[in-house]
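First comes the structure, then the notes that go with it.
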Amino acid sequence: MMQTTAIPVHSNPEAEWALPNRGIVGMWCLISAEAAIFLIFVVAYLFYIGKSLSGPTPAQVLELPIFGTICLLSSSLTVHAAVSALRKGNGRRCSLALALTVLLGTIFLVTTALEWRHLIYDAGLTIKANLFGTTYYSLVGLHASHVIVGLILLLAALLFCLGGKVTEAHSERLEALSLYWHFVDGVWVVVFTVVYVLGR
Amino acid sequence: MATATSRLEAIDQTPPATEPPRQSVMHEWITTVDHKKIGIMYIVYALLFLVVAGFEAVLMRIQLLVPNNHFVSPQVFNRLFTMHGTTMVFFVGIPILFGFGNYLIPLMIGARDMAFPRLNAFSFWISAFGGVLLYLSYFAGSGLYGAGSAPDVGWFAYAPLTAKVFSPGHSTDYWTLGVLLSGVGTTGTAVNIVATTICMRCKGMTLTRMPLLVWLFLVVSCMVFVAVSPLTAAQVMLCIDRYLGGHFFDTQAGGSAVLWMHFFWIFGHPEVYILVLPAFAFINEIVPVFSRKAIFGYPAMVAASVGIGFVSLSVWAHHMFTVGMGPAGNTFFVFSTMVVSVPTGIKVFNWLATIWGGKVVYKVPMMFAAGFLFQFLIAGLTGIMLSAAPFDWQLSASYFVVAHFHYVLVGAILFSIFGAFYYWYPKMTGRMMSEKLGQWHFWLFLIGFHLTFDFMHVPGLLGMPRRIYTYEAGRGWEMWNMIVGIGALIQAIGMLIFVYNLINSYFRGEEAGPDPWDAWTLEWATSSPPPAYNFAVEPTVNSRRPLWDLKHPEDPDSSFE
């Protein structure tokens, strides 16, 4: 079946031919797909503001999560520090910055968990309660699930880093991961604005 | 190849294997990350579903052949049209097009594989699993305790029909999860295609030299990100409604059924373009080769494709004119829908200009391409009719609409897919498909298609709604439905010939050689079928038609760029 002859395609060395890193391009693609998913949930949230037929309402139960927000947003700075440390070949600084990022991300998750606990047990707001509950838990939960995925990936990177397996050659991979983390942080800015500022 | 092989041997430092690794064929295909094998698996899997969903269509046409028919029960009929639509869009259209894309893109840009081979395999298997899950509903739709049943909510599954109260059991969840998984696979492949196109091109393959097929798949993949993701989001919301007691589409708790319509069609309309742009892509390759001319207006073609990609994202609510969106909304969507026909028209004129003055060779791929051009024009014309809101108010959800979109899906997309099969089959298998059987296939399918879908417009104009199970005699619909049914049977015969031709040619077809059509793009520079590594040495290109340059060193394209 297989043919053994083919038209030869000659290769002649030429001027430099540089194309972008595929990991980073792939991550941008993933980010645009994820952004569209978030957009739909945000639209649903905005559309249903004030349309719940029963309480509790956002104004009654929501409080601004200032501390968690500060932690999450500063983790963008630390992950950036990790990437630039790795580019300079400084593995220890990179590990330190990654560990800080994981810590800050975890603190954010804990504040969200405490907030949900308060809402469910004290305020009686569940996903079934009303439209606000449905849209709130879906949107914030979707974001939190992305934080969890990001933390798992960052933790893996941290473990490799501590094991001394990460070198300058991996800096573009870590950069792709940091892009994802910046995206998760950026989404939080939108969610924060929509849920806690406009929606209240 | 001789020089290339010796060069490869010089590089290859692998010690000769003492014992050939023992792997079954099954193991090899299941574990493969080769873009060509994954592409073929996509195509075969889509063909299987094409036969299944085509069979469902035939059953529906038999039911509607005569008035007051009881060939199938009303419940079965509802399941048939739901499964037919869902299967054709998600498990035939997308996988068959992405199968060709997967196979061809790395070959056409001179790469050895996709950018992320393992993601590629993952995307395929997750999509395939989605299709299997959808059909599992026939056995497990009511859970373990009851007789199974397939989803029966229609392919766009409007709320509140999908609520737990109105759709008890699990059949709707099989639909939701099957489609969701297909969406995940589609997004994965789209990420792969964009990364491959941007990062893996061989030396000299600038964006302006890429084959138009690659350009169109790039546009399609970018559309997938913004169009398929909303459906994924909406399916997650539906799951939350059905399993966690959410109220997204629950009108009794203040939720909105219209919101589902918007979310579905934000996906649903660009989806039509996600299916039709790869069809354009095949025509872009077939028409120039069989007209023996370079494509006319390459930059205009690229611009028109990107234009279609953008405009198609803002036309979704023309599916919802009857909802009552108000004059401003209606006017916007009438206008944006009509605007889409401008870049599409540019493409049609460019194909005609490519054929004009060429030495046209009417081999089977070109016959299907000619059928495509003619039928796509008519499909576009009824599309412009339906884009006018008052006309749509009259005919929405009638058989006129069904006839219109089948004209696009069958008359344009399926015809170009058939063309692509006849054109690239030699590359994939090393053997030609039978020209004689191909002509039988073409003419039978053409006649069957026109009998079915030309005449399907008429009962629509006479007021026959879509999705009805049966109808009374004496409404003037009998003759038309009879003709439509007969046409469907003729198409089925054509389809059987096609499948026979595919299988028979694999074993008994004429040897193809690397370049049976005297074509110009890089995939024809490899042997047929290509080796696992595609190109022993990375090729360098200097123009849009690298093989023309090789075959005609005295008059290369590169001297005109």
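The chains in the structure tokens are called A, B, ... from first to last as shown; in each chain the residues are counted from 1, and the ligands are counted from 1 in the order shown.
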
Any idea what's packed within 10 Å of Phe81 of chain B, counting only C-alpha atoms, ignoring anything in its chain fewer than 5 positions away? Could you give it as a CSV table (one decimal) with N, CA and C atoms, in the first residue's frame?
chain,number,residue,atom,x,y,z
B,53,ALA,N,-27.6,8.7,11.8
B,53,ALA,CA,-28.5,9.8,11.8
B,53,ALA,C,-29.2,9.9,10.5
B,56,GLU,N,-32.1,7.7,10.8
B,56,GLU,CA,-33.2,8.3,11.5
B,56,GLU,C,-34.0,9.2,10.6
B,57,ALA,N,-33.3,9.9,9.7
B,57,ALA,CA,-34.0,10.8,8.8
B,57,ALA,C,-35.0,10.0,7.9
B,59,LEU,N,-36.3,7.1,8.5
B,59,LEU,CA,-37.5,6.7,9.3
B,59,LEU,C,-38.5,7.8,9.4
B,60,MET,N,-38.1,9.0,9.7
B,60,MET,CA,-39.0,10.2,9.8
B,60,MET,C,-39.7,10.4,8.5
B,76,VAL,N,-41.6,8.1,19.7
B,76,VAL,CA,-40.4,7.7,18.9
B,76,VAL,C,-40.1,8.8,17.9
B,86,THR,N,-29.2,16.5,16.8
B,86,THR,CA,-28.1,16.6,17.7
B,86,THR,C,-26.9,15.8,17.1
B,87,THR,N,-27.2,14.6,16.6
B,87,THR,CA,-26.1,13.8,16.0
B,87,THR,C,-25.4,14.5,14.8
B,151,PRO,N,-33.4,11.3,24.4
B,151,PRO,CA,-33.9,12.6,24.6
B,151,PRO,C,-34.9,13.0,23.5
B,152,ASP,N,-35.9,13.7,23.9
B,152,ASP,CA,-37.0,14.1,23.0
B,152,ASP,C,-37.3,15.6,23.1
B,153,VAL,N,-36.3,16.4,23.4
B,153,VAL,CA,-36.6,17.8,23.6
B,153,VAL,C,-36.3,18.7,22.4
B,154,GLY,N,-35.9,18.1,21.3
B,154,GLY,CA,-35.5,18.9,20.1
B,154,GLY,C,-34.0,19.2,20.2
B,155,TRP,N,-33.4,19.5,19.0
B,155,TRP,CA,-32.0,19.7,19.1
B,155,TRP,C,-31.6,21.0,19.8
B,466,ARG,N,-42.9,22.3,11.2
B,466,ARG,CA,-41.9,21.3,11.4
B,466,ARG,C,-42.2,20.5,12.6
B,467,ARG,N,-41.6,19.3,12.7
B,467,ARG,CA,-41.7,18.4,13.9
B,467,ARG,C,-43.1,17.8,14.2

For chain B versus chain A, which residues have an atom no more than 7 Å away, and what is each residue's nearest atom pair and distance in Å rounded to one decimal, using only C-alpha atoms, chain-then-number order, as a Markdown table?
| residue | atom | partner | partner_atom | distance |
| --- | --- | --- | --- | --- |
| B:Met1 | CA | A:Pro8 | CA | 5.1 |
| B:Ala115 | CA | A:Arg22 | CA | 6.6 |
| B:Val191 | CA | A:Cys29 | CA | 5.6 |
| B:Asn192 | CA | A:Gly26 | CA | 7.0 |
| B:Ala195 | CA | A:Gly26 | CA | 5.4 |
| B:Cys199 | CA | A:Leu19 | CA | 5.2 |
| B:Lys203 | CA | A:Trp17 | CA | 6.1 |
| B:Phe225 | CA | A:Ala33 | CA | 4.2 |
| B:Val226 | CA | A:Ala36 | CA | 5.5 |
| B:Ser229 | CA | A:Ile37 | CA | 5.2 |
| B:Pro230 | CA | A:Ile37 | CA | 5.4 |
| B:Ala233 | CA | A:Ile37 | CA | 5.3 |
| B:Gly245 | CA | A:Lys128 | CA | 5.1 |
| B:Gly246 | CA | A:Thr134 | CA | 5.2 |
| B:His247 | CA | A:Leu131 | CA | 5.8 |
| B:Phe248 | CA | A:Leu131 | CA | 6.9 |
| B:Ala253 | CA | A:Leu53 | CA | 6.3 |
| B:Gly254 | CA | A:Ser52 | CA | 6.2 |
| B:Gly430 | CA | A:Met1 | CA | 6.2 |
| B:Gly513 | CA | A:Gln3 | CA | 6.5 |
| B:Pro514 | CA | A:Ala6 | CA | 5.8 |
| B:Ala525 | CA | A:Ile7 | CA | 5.1 |
| B:Thr526 | CA | A:Ala6 | CA | 5.5 |
| B:Ser527 | CA | A:Ala6 | CA | 5.0 |
| B:Ser528 | CA | A:Gln3 | CA | 5.8 |
| B:Pro529 | CA | A:Met2 | CA | 6.1 |
| B:Val537 | CA | A:Ser11 | CA | 6.8 |
| B:Glu538 | CA | A:Ser11 | CA | 6.4 |
| B:Pro539 | CA | A:Ser11 | CA | 5.2 |
| B:Thr540 | CA | A:Ser11 | CA | 5.3 |

(Q) List as a VMD selection string the protein and nucleic acid residues near Ala156 of chain A, meaning an atom at most 12 Å away when only C-alpha atoms are counted, but skip any in the same chain fewer than 3 places from it. (A) chain A and resid 95 98 to 99 102 149 to 153 159 to 163 165 to 166 174 177

Same residues, C-alpha atoms, output as a compact mmCIF listing (two decimals), in the first residue's frame:
# COMPACT_ATOMS: atom_id res chain seq x y z
CA SER A 95 10.37 28.60 44.54
CA LEU A 98 5.62 30.30 43.85
CA ALA A 99 5.13 29.28 47.47
CA VAL A 102 0.07 29.28 46.49
CA VAL A 149 -7.28 24.30 39.18
CA GLY A 150 -4.71 27.11 39.16
CA LEU A 151 -3.56 26.21 42.66
CA ILE A 152 -3.10 22.55 41.73
CA LEU A 153 -0.97 23.55 38.74
CA LEU A 159 7.13 20.81 43.84
CA PHE A 160 9.15 20.47 40.62
CA CYS A 161 10.96 23.68 41.54
CA LEU A 162 11.81 22.43 45.02
CA GLY A 163 12.98 19.15 43.50
CA LYS A 165 13.96 20.03 38.17
CA VAL A 166 13.06 23.48 36.86
CA LEU A 174 5.90 28.77 33.72
CA LEU A 177 0.87 29.01 33.72

Q) Leaving out Ile94 of chain B and any residue of its chain fewer than 6 positions from it, which residues lie within 10 Å of it when counting only C-alpha atoms, given as a list in words? A) Tyr42, Ile43, Ala46, Thr87, Met88, Ser127, Ser182, Gly183, Thr186, Glu271, Ile274, Leu275 and Pro278 of chain B

**Q.** Between atom CA of Met41 of chain B and atom CA of Phe498 of chain B - distance in Å to one decimal
**A.**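 Between these atoms lies a distance of 18.1 Å.
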
Q: Tell me, as a list in words, which residues lie within 7 Å of segment 330-341 of chain B, counting only C-alpha atoms; anything in the same chain fewer than 5 positions away does not count.
A: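 Near segment 330-341 of chain B, the qualifying residues are Ile308, Val311, Ser312, Ser314, Val315, Ala317, His318, Phe321, Met325, Ile384, Ser387, Ala388 and Ala389 of chain B.
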